$ cat target-v4.cif   # mmCIF, C-alpha atoms
data_entry
#
loop_
_atom_site.label_atom_id
_atom_site.label_comp_id
_atom_site.auth_asym_id
_atom_site.auth_seq_id
_atom_site.Cartn_x
_atom_site.Cartn_y
_atom_site.Cartn_z
CA MET A 23 114.31 90.12 69.00
CA ILE A 24 115.78 88.94 65.75
CA ASP A 25 117.28 91.14 63.02
CA LEU A 26 114.56 92.22 60.57
CA ARG A 27 117.08 92.22 57.75
CA LEU A 28 117.70 88.53 58.32
CA LEU A 29 113.94 87.91 58.25
CA ARG A 30 113.64 89.66 54.87
CA GLU A 31 116.71 87.96 53.37
CA ASP A 32 116.10 84.42 54.68
CA PRO A 33 112.50 83.97 55.85
CA ASP A 34 112.72 80.19 55.38
CA ARG A 35 115.36 80.00 58.09
CA VAL A 36 113.03 81.82 60.49
CA ARG A 37 110.12 79.59 59.50
CA ALA A 38 112.26 76.50 60.14
CA SER A 39 113.20 77.84 63.58
CA GLN A 40 109.57 78.48 64.49
CA ARG A 41 108.64 75.02 63.27
CA ALA A 42 111.42 73.41 65.33
CA ARG A 43 110.18 75.23 68.42
CA GLY A 44 106.62 74.10 67.80
CA GLU A 45 105.58 77.74 67.53
CA ASP A 46 103.40 79.64 65.05
CA VAL A 47 105.02 79.65 61.59
CA ALA A 48 102.32 82.00 60.22
CA LEU A 49 103.78 84.70 62.45
CA VAL A 50 106.70 84.97 60.02
CA ASP A 51 104.50 85.89 57.06
CA ALA A 52 102.39 88.24 59.17
CA LEU A 53 105.56 90.03 60.25
CA LEU A 54 106.90 90.19 56.69
CA SER A 55 103.63 91.76 55.55
CA ALA A 56 103.60 94.29 58.40
CA ASP A 57 107.23 95.16 57.74
CA GLU A 58 106.52 95.74 54.06
CA ARG A 59 103.60 98.02 54.97
CA ARG A 60 105.83 99.85 57.43
CA ARG A 61 108.49 100.46 54.83
CA SER A 62 106.12 101.39 52.00
CA SER A 63 104.10 103.74 54.21
CA GLY A 64 107.36 105.31 55.36
CA VAL A 65 108.38 105.93 51.75
CA ARG A 66 104.93 107.38 50.99
CA PHE A 67 105.16 109.68 54.03
CA ASP A 68 108.63 110.89 53.00
CA GLU A 69 107.42 111.60 49.45
CA LEU A 70 104.45 113.59 50.67
CA ARG A 71 106.57 115.55 53.14
CA ALA A 72 109.03 116.42 50.37
CA GLU A 73 106.14 117.58 48.20
CA GLN A 74 104.75 119.59 51.11
CA ARG A 75 108.08 121.34 51.70
CA ALA A 76 108.45 122.16 48.01
CA LEU A 77 104.94 123.57 47.90
CA GLY A 78 105.66 125.63 51.00
CA LYS A 79 108.45 127.39 49.15
CA LEU A 80 106.17 128.28 46.21
CA ILE A 81 103.31 129.82 48.18
CA PRO A 82 105.13 132.99 49.34
CA LYS A 83 106.10 133.73 45.75
CA ALA A 84 102.62 133.29 44.29
CA SER A 85 99.68 135.69 44.19
CA GLY A 86 96.04 135.90 43.21
CA ASP A 87 94.36 132.79 41.88
CA GLU A 88 97.64 130.91 41.74
CA LYS A 89 98.23 131.44 45.45
CA ALA A 90 94.69 130.44 46.28
CA GLU A 91 95.10 127.23 44.30
CA LEU A 92 98.42 126.49 46.00
CA LEU A 93 96.90 127.09 49.44
CA LYS A 94 94.05 124.72 48.61
CA LYS A 95 96.52 122.09 47.48
CA ALA A 96 98.59 122.65 50.63
CA GLY A 97 95.52 121.94 52.77
CA GLU A 98 94.80 118.73 50.89
CA LEU A 99 98.45 117.74 51.11
CA ALA A 100 98.53 118.37 54.86
CA ALA A 101 95.66 115.94 55.29
CA ASP A 102 97.45 113.38 53.13
CA VAL A 103 100.66 113.81 55.16
CA LYS A 104 98.76 113.35 58.40
CA ALA A 105 97.07 110.19 57.10
CA ALA A 106 100.38 108.81 55.80
CA ASP A 107 102.05 109.53 59.12
CA ALA A 108 99.28 107.69 60.97
CA ALA A 109 99.53 104.73 58.56
CA LYS A 110 103.30 104.63 59.03
CA ASP A 111 103.00 104.63 62.82
CA GLU A 112 100.26 101.99 62.76
CA ALA A 113 102.30 99.68 60.52
CA ALA A 114 105.43 100.22 62.64
CA ALA A 115 103.53 99.42 65.84
CA GLU A 116 102.07 96.26 64.30
CA ALA A 117 105.49 95.14 63.04
CA GLN A 118 107.05 95.76 66.45
CA GLU A 119 104.30 93.85 68.25
CA LEU A 120 104.73 90.87 65.94
CA LEU A 121 108.52 91.05 66.18
CA LEU A 122 108.33 90.83 69.97
CA GLN A 123 106.29 87.62 69.64
CA LEU A 124 108.96 85.92 67.56
CA SER A 125 111.42 83.72 69.45
CA ASN A 126 115.15 83.65 68.87
CA LEU A 127 116.51 81.61 65.98
CA VAL A 128 117.36 78.07 67.00
CA HIS A 129 121.04 77.16 66.57
CA PRO A 130 121.41 74.66 63.68
CA ASP A 131 123.05 72.04 65.96
CA VAL A 132 120.13 71.95 68.44
CA PRO A 133 118.28 68.60 68.42
CA VAL A 134 114.76 69.00 67.06
CA GLY A 135 111.90 67.84 69.24
CA GLY A 136 110.24 68.16 72.62
CA GLU A 137 111.30 67.81 76.24
CA GLU A 138 112.38 64.18 75.92
CA ASP A 139 114.29 64.63 72.65
CA PHE A 140 117.46 66.04 74.21
CA VAL A 141 120.88 64.61 73.38
CA THR A 142 123.19 63.48 76.18
CA LEU A 143 126.64 64.99 75.59
CA GLU A 144 128.60 63.86 78.66
CA THR A 145 128.23 61.89 81.87
CA HIS A 146 130.35 62.59 84.96
CA GLY A 147 130.86 60.89 88.31
CA THR A 148 129.75 57.52 89.64
CA ILE A 149 126.23 56.71 90.78
CA ARG A 150 126.32 55.08 94.21
CA ASP A 151 125.02 51.55 94.65
CA PHE A 152 123.18 51.91 97.95
CA ALA A 153 122.06 48.27 97.88
CA ALA A 154 125.69 47.18 97.77
CA GLU A 155 126.35 49.48 100.71
CA GLY A 156 123.58 47.76 102.64
CA PHE A 157 120.96 50.47 103.12
CA GLU A 158 118.00 52.11 101.41
CA PRO A 159 118.60 55.80 100.64
CA LYS A 160 116.31 58.35 102.27
CA ASP A 161 114.91 61.24 100.27
CA HIS A 162 116.06 64.81 100.90
CA LEU A 163 113.00 65.79 102.94
CA GLU A 164 113.40 62.90 105.39
CA LEU A 165 117.11 63.64 105.68
CA GLY A 166 116.57 67.39 105.97
CA THR A 167 113.97 66.90 108.70
CA THR A 168 116.24 64.56 110.64
CA LEU A 169 119.12 67.04 110.33
CA GLY A 170 116.94 69.92 111.51
CA ALA A 171 117.68 71.57 108.15
CA ILE A 172 114.33 71.77 106.31
CA ASP A 173 110.84 72.63 107.58
CA VAL A 174 108.16 72.49 104.89
CA GLU A 175 105.24 72.15 107.30
CA ARG A 176 105.79 75.57 108.82
CA GLY A 177 106.65 76.93 105.37
CA ALA A 178 103.20 75.87 104.22
CA LYS A 179 101.61 77.24 107.40
CA VAL A 180 103.19 80.65 106.89
CA SER A 181 103.11 81.00 103.09
CA GLY A 182 101.28 78.07 101.49
CA SER A 183 102.38 75.09 99.45
CA ARG A 184 105.83 75.02 97.83
CA PHE A 185 107.33 77.30 100.49
CA TYR A 186 109.79 76.20 103.15
CA PHE A 187 112.17 77.22 105.91
CA LEU A 188 115.85 76.30 105.88
CA THR A 189 116.72 75.98 109.55
CA GLY A 190 119.89 75.43 111.55
CA VAL A 191 122.44 73.60 109.46
CA GLY A 192 120.16 73.97 106.42
CA ALA A 193 120.51 77.74 106.55
CA LEU A 194 124.26 77.39 107.07
CA LEU A 195 124.44 75.01 104.10
CA GLU A 196 122.78 77.58 101.85
CA LEU A 197 125.21 80.28 102.95
CA ALA A 198 128.13 77.91 102.37
CA LEU A 199 126.89 77.09 98.86
CA VAL A 200 126.40 80.75 97.96
CA ASN A 201 129.81 81.76 99.29
CA ALA A 202 131.59 78.84 97.61
CA ALA A 203 129.84 79.54 94.30
CA MET A 204 130.71 83.23 94.50
CA ALA A 205 134.33 82.33 95.34
CA GLN A 206 134.55 80.18 92.20
CA ALA A 207 132.92 82.86 90.05
CA THR A 208 135.16 85.61 91.41
CA ALA A 209 138.26 83.48 90.80
CA ALA A 210 137.09 83.06 87.19
CA GLY A 211 136.88 86.83 86.74
CA PHE A 212 133.18 87.48 87.34
CA THR A 213 132.13 90.66 89.13
CA PRO A 214 129.94 89.72 92.13
CA MET A 215 126.53 91.43 92.09
CA LEU A 216 123.61 91.61 94.52
CA THR A 217 120.70 92.40 92.23
CA PRO A 218 117.15 93.76 92.66
CA ALA A 219 114.39 91.19 92.92
CA LEU A 220 111.81 93.68 91.61
CA VAL A 221 112.13 95.03 88.08
CA ARG A 222 110.19 97.23 85.68
CA PRO A 223 108.17 95.77 82.79
CA GLN A 224 110.74 96.79 80.17
CA ALA A 225 113.41 94.72 81.95
CA MET A 226 111.17 91.65 82.12
CA ALA A 227 109.92 92.01 78.54
CA GLY A 228 113.39 92.83 77.25
CA THR A 229 114.81 89.54 78.49
CA GLY A 230 111.92 87.57 76.99
CA PHE A 231 110.12 86.56 80.18
CA LEU A 232 106.74 88.08 79.32
CA GLY A 233 106.20 85.75 76.39
CA GLN A 234 105.82 82.00 76.86
CA ALA A 235 107.09 82.27 80.48
CA ALA A 236 104.61 84.97 81.52
CA GLN A 237 102.37 82.51 83.36
CA ASP A 238 105.22 81.79 85.79
CA VAL A 239 105.88 85.45 86.65
CA TYR A 240 104.65 87.22 89.79
CA ARG A 241 103.48 90.80 89.22
CA LEU A 242 102.79 93.60 91.71
CA ASP A 243 99.92 95.38 89.97
CA ASN A 244 99.83 98.41 92.24
CA ASP A 245 103.49 99.17 91.56
CA ASP A 246 103.78 97.90 87.97
CA LEU A 247 106.78 95.82 89.00
CA TYR A 248 107.64 92.15 88.54
CA LEU A 249 109.36 89.69 90.86
CA VAL A 250 112.26 88.10 88.97
CA GLY A 251 112.45 84.36 88.39
CA THR A 252 116.22 84.71 87.98
CA SER A 253 118.80 87.47 88.42
CA GLU A 254 119.42 87.10 84.67
CA VAL A 255 116.67 89.71 84.24
CA ALA A 256 118.36 92.38 86.33
CA LEU A 257 121.82 91.53 84.99
CA ALA A 258 120.65 91.77 81.38
CA ALA A 259 118.88 95.08 82.01
CA TYR A 260 121.87 96.48 83.93
CA HIS A 261 123.29 97.95 80.70
CA MET A 262 119.92 98.68 79.07
CA ASP A 263 120.04 101.65 76.62
CA GLU A 264 123.85 101.76 76.75
CA ILE A 265 126.68 101.56 74.22
CA ILE A 266 129.65 99.55 75.53
CA ASP A 267 133.15 99.92 74.11
CA GLY A 268 134.16 96.66 72.46
CA ASP A 269 137.51 96.58 74.24
CA ARG A 270 135.65 96.16 77.56
CA LEU A 271 134.22 92.82 76.41
CA PRO A 272 133.75 90.21 77.62
CA MET A 273 132.00 91.58 80.70
CA ARG A 274 130.97 88.92 83.22
CA TYR A 275 128.74 89.25 86.28
CA ALA A 276 127.78 86.75 88.99
CA GLY A 277 124.45 87.79 90.48
CA PHE A 278 122.89 86.58 93.71
CA SER A 279 119.18 87.14 94.30
CA PRO A 280 115.99 85.56 95.53
CA CYS A 281 113.94 84.11 92.66
CA PHE A 282 110.17 83.75 92.43
CA ARG A 283 108.22 81.43 90.15
CA ARG A 284 104.54 80.53 90.10
CA GLU A 285 105.36 77.07 88.74
CA ALA A 286 102.21 77.28 86.64
CA GLY A 287 101.41 73.98 84.97
CA SER A 288 103.39 71.97 87.53
CA HIS A 289 100.39 70.89 89.62
CA GLY A 290 101.18 67.51 91.11
CA LYS A 291 104.84 67.58 90.04
CA ASP A 292 107.59 67.43 92.66
CA THR A 293 105.21 68.37 95.46
CA ARG A 294 107.33 66.70 98.15
CA GLY A 295 110.18 68.65 99.65
CA ILE A 296 112.05 71.59 98.15
CA PHE A 297 112.89 70.50 94.61
CA ARG A 298 110.21 72.66 92.94
CA VAL A 299 109.30 75.74 94.99
CA HIS A 300 107.92 79.26 94.55
CA GLN A 301 110.86 81.09 96.13
CA PHE A 302 114.54 80.20 96.16
CA ASP A 303 117.98 81.79 96.04
CA LYS A 304 120.39 81.43 93.15
CA VAL A 305 123.84 82.45 91.95
CA GLU A 306 123.66 83.25 88.23
CA MET A 307 126.47 83.88 85.75
CA PHE A 308 125.86 86.44 83.02
CA SER A 309 128.10 87.46 80.11
CA TYR A 310 128.16 90.28 77.58
CA VAL A 311 130.34 89.37 74.60
CA ASP A 312 131.00 90.16 70.95
CA PRO A 313 128.52 88.05 68.92
CA ALA A 314 131.46 86.37 67.19
CA ASP A 315 132.50 84.94 70.59
CA SER A 316 129.11 83.80 71.88
CA ARG A 317 129.51 80.10 71.02
CA ALA A 318 132.91 79.95 72.73
CA GLU A 319 131.53 81.81 75.76
CA HIS A 320 128.65 79.35 75.93
CA GLN A 321 131.14 76.52 76.25
CA ARG A 322 133.06 78.44 78.92
CA LEU A 323 129.88 78.91 80.98
CA LEU A 324 129.15 75.20 80.68
CA ASP A 325 132.71 74.39 81.79
CA TRP A 326 132.28 76.57 84.91
CA GLU A 327 129.03 74.76 85.74
CA LYS A 328 130.74 71.40 85.32
CA GLN A 329 133.60 72.58 87.53
CA TRP A 330 131.07 73.53 90.22
CA LEU A 331 129.12 70.27 90.18
CA THR A 332 132.34 68.26 90.10
CA SER A 333 133.59 70.17 93.16
CA LEU A 334 130.37 69.17 94.95
CA GLU A 335 131.20 65.53 94.10
CA LEU A 336 127.85 64.97 92.39
CA PRO A 337 127.21 62.50 89.57
CA PHE A 338 125.69 64.43 86.65
CA ARG A 339 125.16 64.50 82.92
CA VAL A 340 125.16 67.29 80.35
CA ILE A 341 122.34 67.46 77.81
CA ASP A 342 121.76 69.49 74.66
CA VAL A 343 118.20 70.72 75.16
CA ALA A 344 115.79 70.07 72.27
CA SER A 345 114.31 72.89 70.21
CA ALA A 346 110.76 72.89 71.58
CA ASP A 347 112.07 72.96 75.15
CA LEU A 348 114.14 76.14 74.72
CA GLY A 349 113.14 79.44 76.29
CA SER A 350 112.14 82.08 73.77
CA SER A 351 115.41 84.01 74.14
CA ALA A 352 117.76 81.02 73.88
CA ALA A 353 119.31 79.94 70.58
CA ARG A 354 120.84 76.96 72.35
CA LYS A 355 120.80 75.62 75.90
CA PHE A 356 122.83 73.04 77.79
CA ASP A 357 121.51 71.59 81.07
CA CYS A 358 123.54 69.86 83.76
CA GLU A 359 121.37 67.27 85.49
CA ALA A 360 122.41 65.68 88.77
CA TRP A 361 121.50 62.14 89.75
CA ILE A 362 118.81 62.04 92.45
CA PRO A 363 119.00 58.58 94.07
CA THR A 364 115.46 58.30 95.44
CA GLN A 365 113.97 59.40 92.11
CA GLY A 366 116.26 57.09 90.16
CA LYS A 367 116.89 59.69 87.48
CA TYR A 368 118.81 62.79 86.55
CA ARG A 369 117.21 66.16 87.30
CA GLU A 370 118.18 69.64 86.16
CA LEU A 371 120.48 71.55 88.49
CA THR A 372 122.00 74.14 86.16
CA SER A 373 121.43 75.43 82.65
CA THR A 374 123.29 77.79 80.36
CA SER A 375 121.81 79.60 77.36
CA ASP A 376 123.30 81.46 74.43
CA CYS A 377 120.82 84.25 73.71
CA THR A 378 122.92 85.69 70.85
CA GLU A 379 121.70 89.25 70.06
CA PHE A 380 118.08 88.56 70.97
CA GLN A 381 118.02 90.28 74.39
CA SER A 382 120.41 93.09 73.49
CA ARG A 383 118.19 94.18 70.58
CA ARG A 384 115.14 94.29 72.85
CA LEU A 385 117.04 96.14 75.60
CA ALA A 386 118.93 98.47 73.22
CA ILE A 387 122.36 97.34 74.44
CA ARG A 388 125.05 97.84 71.82
CA MET A 389 128.81 97.62 71.46
CA ARG A 390 131.15 100.05 69.73
CA ASP A 391 133.35 98.17 67.27
CA GLY A 392 135.71 100.72 65.72
CA LYS A 393 133.50 103.21 63.93
CA THR A 394 130.44 100.98 63.97
CA VAL A 395 127.85 100.35 66.66
CA LYS A 396 126.06 97.00 66.72
CA PRO A 397 124.11 94.71 69.09
CA LEU A 398 126.21 92.49 71.33
CA ALA A 399 125.47 88.97 72.57
CA THR A 400 124.25 87.97 76.03
CA LEU A 401 124.55 84.60 77.73
CA ASN A 402 123.48 83.25 81.11
CA GLY A 403 124.30 80.22 83.19
CA THR A 404 123.12 78.95 86.55
CA LEU A 405 125.98 78.36 88.93
CA CYS A 406 123.98 77.37 92.01
CA ALA A 407 120.21 77.09 92.39
CA VAL A 408 120.25 76.52 96.14
CA PRO A 409 117.30 74.21 96.99
CA ARG A 410 117.90 71.75 94.17
CA THR A 411 121.60 71.68 94.99
CA ILE A 412 120.78 70.92 98.63
CA VAL A 413 118.49 68.11 97.44
CA ALA A 414 121.34 66.59 95.41
CA ILE A 415 123.91 66.97 98.18
CA LEU A 416 121.73 65.43 100.88
CA GLU A 417 120.68 62.44 98.81
CA ASN A 418 124.03 61.68 97.18
CA HIS A 419 126.19 62.18 100.26
CA GLN A 420 123.95 60.55 102.87
CA GLN A 421 125.23 57.80 105.13
CA ALA A 422 123.52 54.80 106.68
CA ASP A 423 123.01 56.52 110.06
CA GLY A 424 121.16 59.49 108.50
CA SER A 425 124.15 61.82 108.58
CA VAL A 426 125.42 63.56 105.44
CA ARG A 427 129.02 63.96 104.36
CA VAL A 428 129.98 67.55 103.45
CA PRO A 429 131.85 67.92 100.13
CA GLU A 430 135.36 69.23 100.72
CA VAL A 431 134.74 72.43 98.75
CA LEU A 432 132.07 73.50 101.25
CA ARG A 433 133.93 72.66 104.46
CA PRO A 434 135.83 75.98 104.75
CA PHE A 435 132.46 77.75 104.55
CA LEU A 436 130.97 75.54 107.27
CA GLY A 437 133.66 76.09 109.86
CA GLY A 438 135.51 72.94 108.80
CA ARG A 439 132.50 70.70 109.42
CA GLU A 440 132.86 67.35 107.61
CA ILE A 441 129.58 65.70 108.61
CA LEU A 442 126.01 66.98 109.09
CA GLU A 443 124.64 65.04 112.04
CA PRO A 444 120.99 64.21 112.83
CA VAL A 445 119.49 66.21 115.66
CA ALA A 446 116.75 65.46 118.14
CA LYS A 447 113.35 66.16 116.62
CA ALA A 448 112.18 69.59 117.69
CA ALA A 449 108.89 69.91 119.51
CA LYS A 450 106.02 70.86 117.24
#
$ encode --input "target-v4.cif" --output "structure tokens"
Amino acid sequence: MIDLRLLREDPDRVRASQRARGEDVALVDALLSADERRRSSGVRFDELRAEQRALGKLIPKASGDEKAELLKKAGELAADVKAADAAKDEAAAEAQELLLQLSNLVHPDVPVGGEEDFVTLETHGTIRDFAAEGFEPKDHLELGTTLGAIDVERGAKVSGSRFYFLTGVGALLELALVNAAMAQATAAGFTPMLTPALVRPQAMAGTGFLGQAAQDVYRLDNDDLYLVGTSEVALAAYHMDEIIDGDRLPMRYAGFSPCFRREAGSHGKDTRGIFRVHQFDKVEMFSYVDPADSRAEHQRLLDWEKQWLTSLELPFRVIDVASADLGSSAARKFDCEAWIPTQGKYRELTSTSDCTEFQSRRLAIRMRDGKTVKPLATLNGTLCAVPRTIVAILENHQQADGSVRVPEVLRPFLGGREILEPVAKAAK
């Protein structure tokens, strides 16, 4: 959540942020009104309580009619105190509810607009000219089936659409990707983490995933638990309700977990293969930093993502995501999109978001800075979302005979294997 003091001092900045996101600007004025009622009712309650305490000191000293009058007044005052307390609590609850609906403030450098209004910042690698090489590229599903690596038919049979099996070399390729990604993260100083896939509501709400993203979240009603769509949730909540000494910052974690997404609203999109699925594994980077260092840390996370995609020898571009396409917790987000040959376009493989103090305020995570205690900043960045990375590797490194060249960075994790060879089609 944002700082209420900032809302009071510069409401126009908050209105502009809401407008840039395409979200409800009226929410700002509703929150200002509720906050004013909360503060004024709090002052009224404090005044009445002070009057009540003063009256309480007079009653034992009084007698006769004076005491009777004071007791009568004390009864009336008690009712007023109770009503003021209720009004204070009601206004505070309303202000908190509205505050939780307000998205993070958009960074001033973020391009304004919708999904297609991003700004391309960099382009890396060379897109292959398959026509010049003399063959038509196959898509990842055809390649994966030929390699004995992907089985979506049995995935659908067992679990429904958008589920899959990684088989044989496909399973080994996932393990190689995860281990290589973790090796890079560990070398960069991240602490490796295996995180829970089920979390409590306060963890999901605290990271901002029960707002605009709620339709994509799986919930276990009987247990009041949620399946995470990213290990960001567990990593953010790891230090929930804690105060961290400033000299321990930055603190960086690399989490591996299964991820679950309903993909609501994506009917008919990317239905072939494993690009958009309900369950996948991911290595996620997560940082806790002093707010003054969040912009620099955001660039560092982006640099680590670029290092990873470059090591996989993939052509990709970096985009500055437009305001209306940001998640509610992100002040700014950079995506790395890899070229997918059979789609003829770049598609998102990684993203990194600067969430400033938004999540830490909701999760009550603070840092001790000398004698003061204040919210810290949190940032996240995908290092390897496995299925999409497999898609990009298979399509970009395929060869005319249906085999796939293994990027050098993965070979030590695949027993030195340089080529993934087609296998005989298994019996159905």
$ residues_around --input "target-v4.cif" --residues "Lys367 in chain A" --least-positions-apart "5" --cutoff "12 Å" --atoms "only C-alpha atoms" --output "PyMOL selection string"
chain A and resi 149+337-339+359-362+414
$ resolve_selection --input "target-v4.cif" --expression "the PyMOL selection byres ((chain A and resi 302) around 7)" --output "list in words"
Pro280, Cys281, Phe282, Val299, His300, Gln301, Asp303, Lys304, Val408 and Pro409 of chain A
$ resolve_selection --input "target-v4.cif" --expression "the PyMOL selection byres ((chain A and resi 351) around 12)" --output "PyMOL selection string"
chain A and resi 23-24+43+122-129+226-235+254-255+258+345+347-350+352-355+374-384+399-402
$ atom_distance --input "target-v4.cif" --atom1 "CA of Arg390 in chain A" --atom2 "CA of Glu306 in chain A"
26.1 Å
$ atom_distance --input "target-v4.cif" --atom1 "CA of Met389 in chain A" --atom2 "CA of Asp315 in chain A"
13.2 Å
$ axis_aligned_box --input "target-v4.cif" --around "range 389-402 of chain A" --padding-each-side "3 Å" --output "JSON"
{"center_x": 129.6, "center_y": 93.2, "center_z": 72.5, "size_x": 18.2, "size_y": 26.0, "size_z": 23.2}
$ atom_distance --input "target-v4.cif" --atom1 "CA of Asp423 in chain A" --atom2 "CA of Gln329 in chain A"
29.6 Å
$ residues_around --input "target-v4.cif" --residues "Ala115 in chain A" --least-positions-apart "5" --cutoff "10 Å" --atoms "only C-alpha atoms" --output "list in words"
Ala56, Asp57, Arg60, Ala109, Lys110, Leu120 and Leu121 of chain A
$ residues_near_point --input "target-v4.cif" --point "(116.3, 62.3, 94.8)" --cutoff "7 Å" --atoms "all atoms listed in the file" --output "list in words"
Asp161, His162, Ile362, Pro363, Thr364, Gln365, Gly366, Val413, Ala414 and Glu417 of chain A
$ write_last_selection --input "target-v4.cif" --atoms "C-alpha atoms" --output "tab-separated table (two decimals), keeping the file's coordinate frame"
chain	number	residue	atom	x	y	z
A	161	ASP	CA	114.91	61.24	100.27
A	162	HIS	CA	116.06	64.81	100.90
A	362	ILE	CA	118.81	62.04	92.45
A	363	PRO	CA	119.00	58.58	94.07
A	364	THR	CA	115.46	58.30	95.44
A	365	GLN	CA	113.97	59.40	92.11
A	366	GLY	CA	116.26	57.09	90.16
A	413	VAL	CA	118.49	68.11	97.44
A	414	ALA	CA	121.34	66.59	95.41
A	417	GLU	CA	120.68	62.44	98.81
$ build_atoms --input "target-v4.cif" --residues "range 383-394 of chain A" --atoms "N, CA, C and O atoms" --output "tab-separated table (two decimals), in the coordinates of the input"
chain	number	residue	atom	x	y	z
A	383	ARG	N	119.02	93.38	71.49
A	383	ARG	CA	118.19	94.18	70.58
A	383	ARG	C	116.95	94.70	71.30
A	383	ARG	O	116.54	95.85	71.10
A	384	ARG	N	116.35	93.87	72.12
A	384	ARG	CA	115.14	94.29	72.85
A	384	ARG	C	115.46	95.32	73.92
A	384	ARG	O	114.62	96.17	74.24
A	385	LEU	N	116.65	95.23	74.50
A	385	LEU	CA	117.04	96.14	75.60
A	385	LEU	C	117.90	97.31	75.12
A	385	LEU	O	118.34	98.12	75.93
A	386	ALA	N	118.13	97.38	73.81
A	386	ALA	CA	118.93	98.47	73.22
A	386	ALA	C	120.32	98.55	73.86
A	386	ALA	O	120.79	99.62	74.26
A	387	ILE	N	120.98	97.40	73.95
A	387	ILE	CA	122.36	97.34	74.44
A	387	ILE	C	123.26	97.08	73.23
A	387	ILE	O	123.07	96.09	72.52
A	388	ARG	N	124.21	97.96	73.00
A	388	ARG	CA	125.05	97.84	71.82
A	388	ARG	C	126.53	97.94	72.20
A	388	ARG	O	126.86	98.40	73.28
A	389	MET	N	127.37	97.52	71.27
A	389	MET	CA	128.81	97.62	71.46
A	389	MET	C	129.41	98.49	70.35
A	389	MET	O	128.92	98.50	69.22
A	390	ARG	N	130.45	99.24	70.71
A	390	ARG	CA	131.15	100.05	69.73
A	390	ARG	C	132.33	99.24	69.21
A	390	ARG	O	133.23	98.87	69.96
A	391	ASP	N	132.31	98.96	67.92
A	391	ASP	CA	133.35	98.17	67.27
A	391	ASP	C	134.01	99.06	66.22
A	391	ASP	O	133.55	99.15	65.08
A	392	GLY	N	135.10	99.74	66.62
A	392	GLY	CA	135.71	100.72	65.72
A	392	GLY	C	134.78	101.88	65.49
A	392	GLY	O	134.33	102.53	66.44
A	393	LYS	N	134.40	102.11	64.24
A	393	LYS	CA	133.50	103.21	63.93
A	393	LYS	C	132.04	102.77	63.86
A	393	LYS	O	131.15	103.59	63.64
A	394	THR	N	131.80	101.49	64.05
A	394	THR	CA	130.44	100.98	63.97
A	394	THR	C	129.89	100.67	65.35
A	394	THR	O	130.62	100.41	66.30
